[in-house]
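J.: Following this line is run-v9.pdb, made up of PDB, C-alpha atoms and all ligand atoms:
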```
MODEL        1
ATOM      1  CA  MET A  14      89.813  33.658  -3.475
ATOM      2  CA  GLN A  15      91.849  36.090  -1.439
ATOM      3  CA  LYS A  16      92.251  35.329   2.228
ATOM      4  CA  GLU A  17      91.222  38.215   4.485
ATOM      5  CA  LYS A  18      94.205  39.659   6.320
ATOM      6  CA  LYS A  19      93.760  40.852   9.843
ATOM      7  CA  GLU A  20      95.505  44.108  10.440
ATOM      8  CA  THR A  21      97.114  44.873  13.740
ATOM      9  CA  ARG A  22      98.747  48.106  14.661
ATOM     10  CA  GLN A  23     100.915  49.163  17.536
ATOM     11  CA  VAL A  24     100.753  52.802  18.592
ATOM     12  CA  SER A  25     103.450  54.224  20.786
ATOM     13  CA  ASP A  26     102.652  57.542  22.388
ATOM     14  CA  ILE A  27     102.525  59.377  25.673
ATOM     15  CA  LEU A  28      99.067  59.588  27.206
ATOM     16  CA  ASP A  29      98.307  62.881  28.929
ATOM     17  CA  MET A  30      96.270  61.763  31.941
ATOM     18  CA  SER A  31      95.106  65.332  32.596
ATOM     19  CA  LEU A  32      92.907  65.038  29.499
ATOM     20  CA  LEU A  33      90.883  62.250  31.067
ATOM     21  CA  LYS A  34      87.860  63.167  33.114
ATOM     22  CA  TRP A  35      86.297  60.953  35.725
ATOM     23  CA  ARG A  36      82.731  61.378  36.760
ATOM     24  CA  ILE A  37      81.324  60.033  39.986
ATOM     25  CA  GLU A  38      77.883  61.221  40.895
ATOM     26  CA  ALA A  39      78.249  63.390  43.953
ATOM     27  CA  ASP A  40      75.331  62.027  45.963
ATOM     28  CA  GLY A  41      76.444  58.404  45.497
ATOM     29  CA  LEU A  42      79.914  59.363  46.661
ATOM     30  CA  GLU A  43      78.438  61.331  49.564
ATOM     31  CA  LEU A  44      76.397  58.261  50.567
ATOM     32  CA  LEU A  45      79.535  56.121  50.424
ATOM     33  CA  VAL A  46      81.666  58.418  52.580
ATOM     34  CA  GLN A  47      78.835  59.008  55.068
ATOM     35  CA  GLY A  48      78.714  55.222  55.480
ATOM     36  CA  PHE A  49      82.459  55.224  56.190
ATOM     37  CA  LYS A  50      81.727  57.200  59.399
ATOM     38  CA  GLU A  51      80.030  54.058  60.761
ATOM     39  CA  LYS A  52      82.479  51.740  58.970
ATOM     40  CA  LYS A  53      79.738  50.720  56.538
ATOM     41  CA  ILE A  54      79.923  50.373  52.770
ATOM     42  CA  LEU A  55      76.709  51.826  51.365
ATOM     43  CA  GLY A  56      75.389  51.647  47.848
ATOM     44  CA  ARG A  57      72.078  51.776  46.032
ATOM     45  CA  LYS A  58      69.873  48.947  44.816
ATOM     46  CA  CYS A  59      67.532  49.100  41.855
ATOM     47  CA  HIS A  60      64.013  48.114  42.989
ATOM     48  CA  LYS A  61      63.219  46.851  39.479
ATOM     49  CA  CYS A  62      66.186  44.658  38.435
ATOM     50  CA  GLY A  63      67.966  44.253  41.786
ATOM     51  CA  MET A  64      71.352  45.614  40.642
ATOM     52  CA  VAL A  65      73.438  46.924  43.546
ATOM     53  CA  TYR A  66      75.869  49.738  42.778
ATOM     54  CA  VAL A  67      78.721  50.960  44.985
ATOM     55  CA  PRO A  68      79.111  53.926  44.843
ATOM     56  CA  GLY A  69      75.396  54.217  44.138
ATOM     57  CA  PRO A  70      74.290  56.278  41.157
ATOM     58  CA  SER A  71      70.984  58.154  41.190
ATOM     59  CA  TYR A  72      69.600  55.974  38.369
ATOM     60  CA  CYS A  73      69.922  52.338  37.308
ATOM     61  CA  ARG A  74      72.294  51.897  34.374
ATOM     62  CA  LYS A  75      70.174  49.023  33.049
ATOM     63  CA  CYS A  76      66.611  50.200  33.669
ATOM     64  CA  PHE A  77      67.170  53.985  33.362
ATOM     65  CA  ILE A  78      64.941  54.658  36.365
ATOM     66  CA  ASP A  79      65.696  56.640  39.524
ATOM     67  CA  ILE A  80      66.913  54.491  42.406
ATOM     68  CA  GLN A  81      66.918  55.491  46.063
ATOM     69  CA  ASP A  82      67.068  52.209  48.050
ATOM     70  CA  VAL A  83      70.211  52.286  50.210
ATOM     71  CA  VAL A  84      71.886  48.938  50.927
ATOM     72  CA  GLU A  85      74.942  47.906  52.912
ATOM     73  CA  VAL A  86      77.426  45.567  51.262
ATOM     74  CA  SER A  87      80.376  43.610  52.633
ATOM     75  CA  LYS A  88      83.901  44.978  52.928
ATOM     76  CA  LYS A  89      85.011  41.631  51.524
ATOM     77  CA  GLY A  90      84.911  40.639  47.893
ATOM     78  CA  LYS A  91      86.930  39.311  45.000
ATOM     79  CA  ILE A  92      89.382  41.020  42.685
ATOM     80  CA  ALA A  93      87.689  41.471  39.314
ATOM     81  CA  CYS A  94      90.676  42.985  37.516
ATOM     82  CA  TYR A  95      93.983  44.599  38.357
ATOM     83  CA  THR A  96      96.897  46.579  36.993
ATOM     84  CA  VAL A  97     100.465  46.249  38.221
ATOM     85  CA  ASN A  98     102.291  49.545  37.931
ATOM     86  CA  LEU A  99     105.879  48.659  37.093
ATOM     87  CA  ALA A 100     106.721  51.900  35.282
ATOM     88  CA  ASP A 101     105.707  55.538  35.319
ATOM     89  CA  VAL A 102     103.921  57.255  32.409
ATOM     90  CA  ARG A 103     107.250  57.794  30.645
ATOM     91  CA  GLY A 104     108.191  54.115  30.917
ATOM     92  CA  ASN A 105     110.762  54.506  33.657
ATOM     93  CA  PRO A 106     110.764  51.731  36.280
ATOM     94  CA  VAL A 107     109.155  52.846  39.544
ATOM     95  CA  ASP A 108     110.897  52.542  42.910
ATOM     96  CA  GLU A 109     107.820  51.086  44.560
ATOM     97  CA  ILE A 110     105.593  48.748  42.560
ATOM     98  CA  SER A 111     101.877  49.276  43.192
ATOM     99  CA  VAL A 112      98.815  47.268  42.278
ATOM    100  CA  ALA A 113      95.533  48.981  41.377
ATOM    101  CA  VAL A 114      92.500  46.721  41.723
ATOM    102  CA  GLN A 115      88.814  46.657  40.955
ATOM    103  CA  VAL A 116      87.021  44.609  43.593
ATOM    104  CA  LYS A 117      83.482  43.257  43.398
ATOM    105  CA  LEU A 118      82.358  43.461  47.012
ATOM    106  CA  ASP A 119      80.027  40.706  48.233
ATOM    107  CA  GLY A 120      76.460  41.968  47.843
ATOM    108  CA  SER A 121      77.405  44.414  45.097
ATOM    109  CA  ASP A 122      77.119  44.086  41.331
ATOM    110  CA  SER A 123      79.605  46.830  40.551
ATOM    111  CA  TRP A 124      83.346  47.127  41.080
ATOM    112  CA  MET A 125      85.134  49.398  43.505
ATOM    113  CA  MET A 126      88.592  50.740  42.754
ATOM    114  CA  GLY A 127      91.535  50.954  45.136
ATOM    115  CA  GLN A 128      95.131  50.000  45.802
ATOM    116  CA  LEU A 129      96.041  46.466  46.855
ATOM    117  CA  GLU A 130      98.541  46.092  49.680
ATOM    118  CA  ILE A 131     100.464  42.916  48.940
ATOM    119  CA  ASP A 132     104.013  41.728  49.541
ATOM    120  CA  ASP A 133     104.460  40.079  46.137
ATOM    121  CA  TRP A 134     102.543  41.476  43.142
ATOM    122  CA  LYS A 135     103.080  38.190  41.264
ATOM    123  CA  LYS A 136     100.579  36.560  43.644
ATOM    124  CA  VAL A 137      97.709  38.799  42.496
ATOM    125  CA  HIS A 138      95.055  37.101  40.390
ATOM    126  CA  VAL A 139      91.484  37.604  39.253
ATOM    127  CA  GLY A 140      89.142  36.040  41.794
ATOM    128  CA  MET A 141      91.543  36.602  44.707
ATOM    129  CA  PRO A 142      89.584  37.371  47.905
ATOM    130  CA  ALA A 143      90.296  40.854  49.219
ATOM    131  CA  GLU A 144      88.997  43.113  51.958
ATOM    132  CA  LEU A 145      88.557  46.886  52.014
ATOM    133  CA  ILE A 146      90.543  48.405  54.865
ATOM    134  CA  LEU A 147      89.261  51.639  56.379
ATOM    135  CA  ARG A 148      91.188  53.950  58.682
ATOM    136  CA  GLU A 149      90.850  53.132  62.349
ATOM    137  CA  GLU A 150      89.113  56.447  62.984
ATOM    138  CA  THR A 151      86.959  57.362  60.027
ATOM    139  CA  THR A 152      85.787  60.899  59.314
ATOM    140  CA  GLY A 153      83.425  60.444  56.395
ATOM    141  CA  ALA A 154      85.951  61.181  53.660
ATOM    142  CA  LEU A 155      87.234  59.250  50.674
ATOM    143  CA  ALA A 156      90.611  59.225  52.436
ATOM    144  CA  ASP A 157      89.056  56.819  54.993
ATOM    145  CA  MET A 158      89.750  54.109  52.410
ATOM    146  CA  VAL A 159      93.249  52.871  53.173
ATOM    147  CA  CYS A 160      93.580  50.017  50.702
ATOM    148  CA  PHE A 161      92.442  46.513  49.849
ATOM    149  CA  ARG A 162      94.257  43.565  51.403
ATOM    150  CA  PRO A 163      94.181  39.915  50.380
ATOM    151  CA  ILE A 164      92.176  37.758  52.792
TER     152      ILE A 164
HETATM  153 ZN    ZN B   1      67.551  48.320  37.329
ENDMDL
END
```
For the file at hand, write its structure as structure tokens.
T.:
Amino acid sequence: MQKEKKETRQVSDILDMSLLKWRIEADGLELLVQGFKEKKILGRKCHKCGMVYVPGPSYCRKCFIDIQDVVEVSKKGKIACYTVNLADVRGNPVDEISVAVQVKLDGSDSWMMGQLEIDDWKKVHVGMPAELILREETTGALADMVCFRPI
């Protein structure tokens, strides 16, 4: 009997980021940035399953029904995953190391993306408490989001 061999393959290539497309539903994003004006983080809750999304889509990803219920969630949450950017897209070391995070805000079931402001990237870990920092004077724009900071 021949033992099944697992095949692994390493692919080395340059990824053209301009080919990637990101889609955020405009009204969910509009709701989020309007909330920033009052320093609130607003999302939508599904009235059927209770899922809370930030930014809030117009329909529940689980139930496939329209959702309109607006809910406020905390600015505090926990890091769900992160990426430490040590090199640029060509593999050259960067001058300033940055950490991109996905944070599950308390009261939300989805993750929100941002940059983590931290003195030592080696301290970052999944489950680390972090808080969303907004500009002192918010205008209702995505740029109101400054960063996440460890709590
Ligand atoms: Zn649902």
J.: With all atoms listed in the file counted, collect every polymer residue having an atom within 7 Å of ligand ZN 1 (chain B); state the result as a list in words.
T.: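 The residues within 7 Å of ligand ZN 1 (chain B), counting all atoms listed in the file, are Cys59, His60, Lys61, Cys62, Gly63, Met64, Cys73, Arg74, Lys75, Cys76, Phe77 and Ile78 of chain A.
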J.: Nearest to Lys89 (chain A) among A:Tyr72, A:Tyr66, A:Trp124, A:Trp134, with distances taken over all atoms listed in the file: which residue is it?
T.: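 Closest to Lys89 (chain A), using all atoms listed in the file: A:Trp124.
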J.: Out of A:Pro142, A:Pro106, A:Pro163, A:Gly56, which residue has the shortest atom-to-atom distance to Glu130 (chain A) when counting all atoms listed in the file?
T.: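 Checking each of A:Pro142, A:Pro106, A:Pro163, A:Gly56 against Glu130 (chain A), counting all atoms listed in the file, the winner is A:Pro163.
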J.: I'd like the contact shell of Leu155 (chain A) - 9 Å cut-off, all atoms listed in the file, skipping same-chain residues fewer than 2 positions apart - returned as a ChimeraX atom specification.
T.: /A:42,45-46,49,152-153,157-158
J.: Can you work out the spacing between CA of Ala113 (chain A) and CA of Tyr95 (chain A) in Å, to one decimal?
T.: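 Distance between the two atoms: 5.5 Å.
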J.: Tell me, in Å to one decimal, how far CA of Asp122 (chain A) is from CA of Pro68 (chain A).
T.: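 These two atoms are separated by 10.6 Å.
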J.: Show me, as a PDB file with C-alpha atoms, in the coordinates of the input, the residues that have an atom within 9 Å of Val84 (chain A) when counting all atoms listed in the file, minus same-chain residues fewer than 2 positions from it.
T.:
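As written to disk, part31.pdb reads:
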```pdb
ATOM      1  CA  ILE A  54      79.923  50.373  52.770  1.00  0.00           C
ATOM      2  CA  LEU A  55      76.709  51.826  51.365  1.00  0.00           C
ATOM      3  CA  GLY A  56      75.389  51.647  47.848  1.00  0.00           C
ATOM      4  CA  ARG A  57      72.078  51.776  46.032  1.00  0.00           C
ATOM      5  CA  LYS A  58      69.873  48.947  44.816  1.00  0.00           C
ATOM      6  CA  VAL A  65      73.438  46.924  43.546  1.00  0.00           C
ATOM      7  CA  ASP A  82      67.068  52.209  48.050  1.00  0.00           C
ATOM      8  CA  VAL A  86      77.426  45.567  51.262  1.00  0.00           C
ATOM      9  CA  GLY A 120      76.460  41.968  47.843  1.00  0.00           C
TER      10      GLY A 120
END
```
J.: Once the PyMOL selection byres (((chain A and resi 90) around 12) and not hetatm) has been evaluated on this model, what residues remain selected, and can you format them as an NGL selection string?
T.: :A and (54 or 86-89 or 91-93 or 114-126 or 139-146 or 161-164)
J.: Interatomic distance between CA of Val107 (chain A) and CA of Ala156 (chain A)?
T.: 23.5 Å
J.: Quick check on the file I pasted: which residues fall under the PyMOL selection byres (((chain A and resi 109-112) around 6) and not hetatm)? Write them as JSON, numbers by chain.
T.: {"A": [96, 97, 98, 99, 107, 108, 113, 128, 129]}
J.: Would you mind telling me which residue in A:Lys50, A:Glu85, A:Ile80, A:Lys135 lies nearest to Arg148 (chain A) when using only C-alpha atoms?
T.: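 Checking each candidate against Arg148 (chain A), we get A:Lys50 as the closest.
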J.: Rank A:Val67, A:Ala154, A:Asp132, A:Lys19 by their smallest atom-to-atom distance to Gln47 (chain A), using all atoms listed in the file, and report the top residue only.
T.: A:Ala154
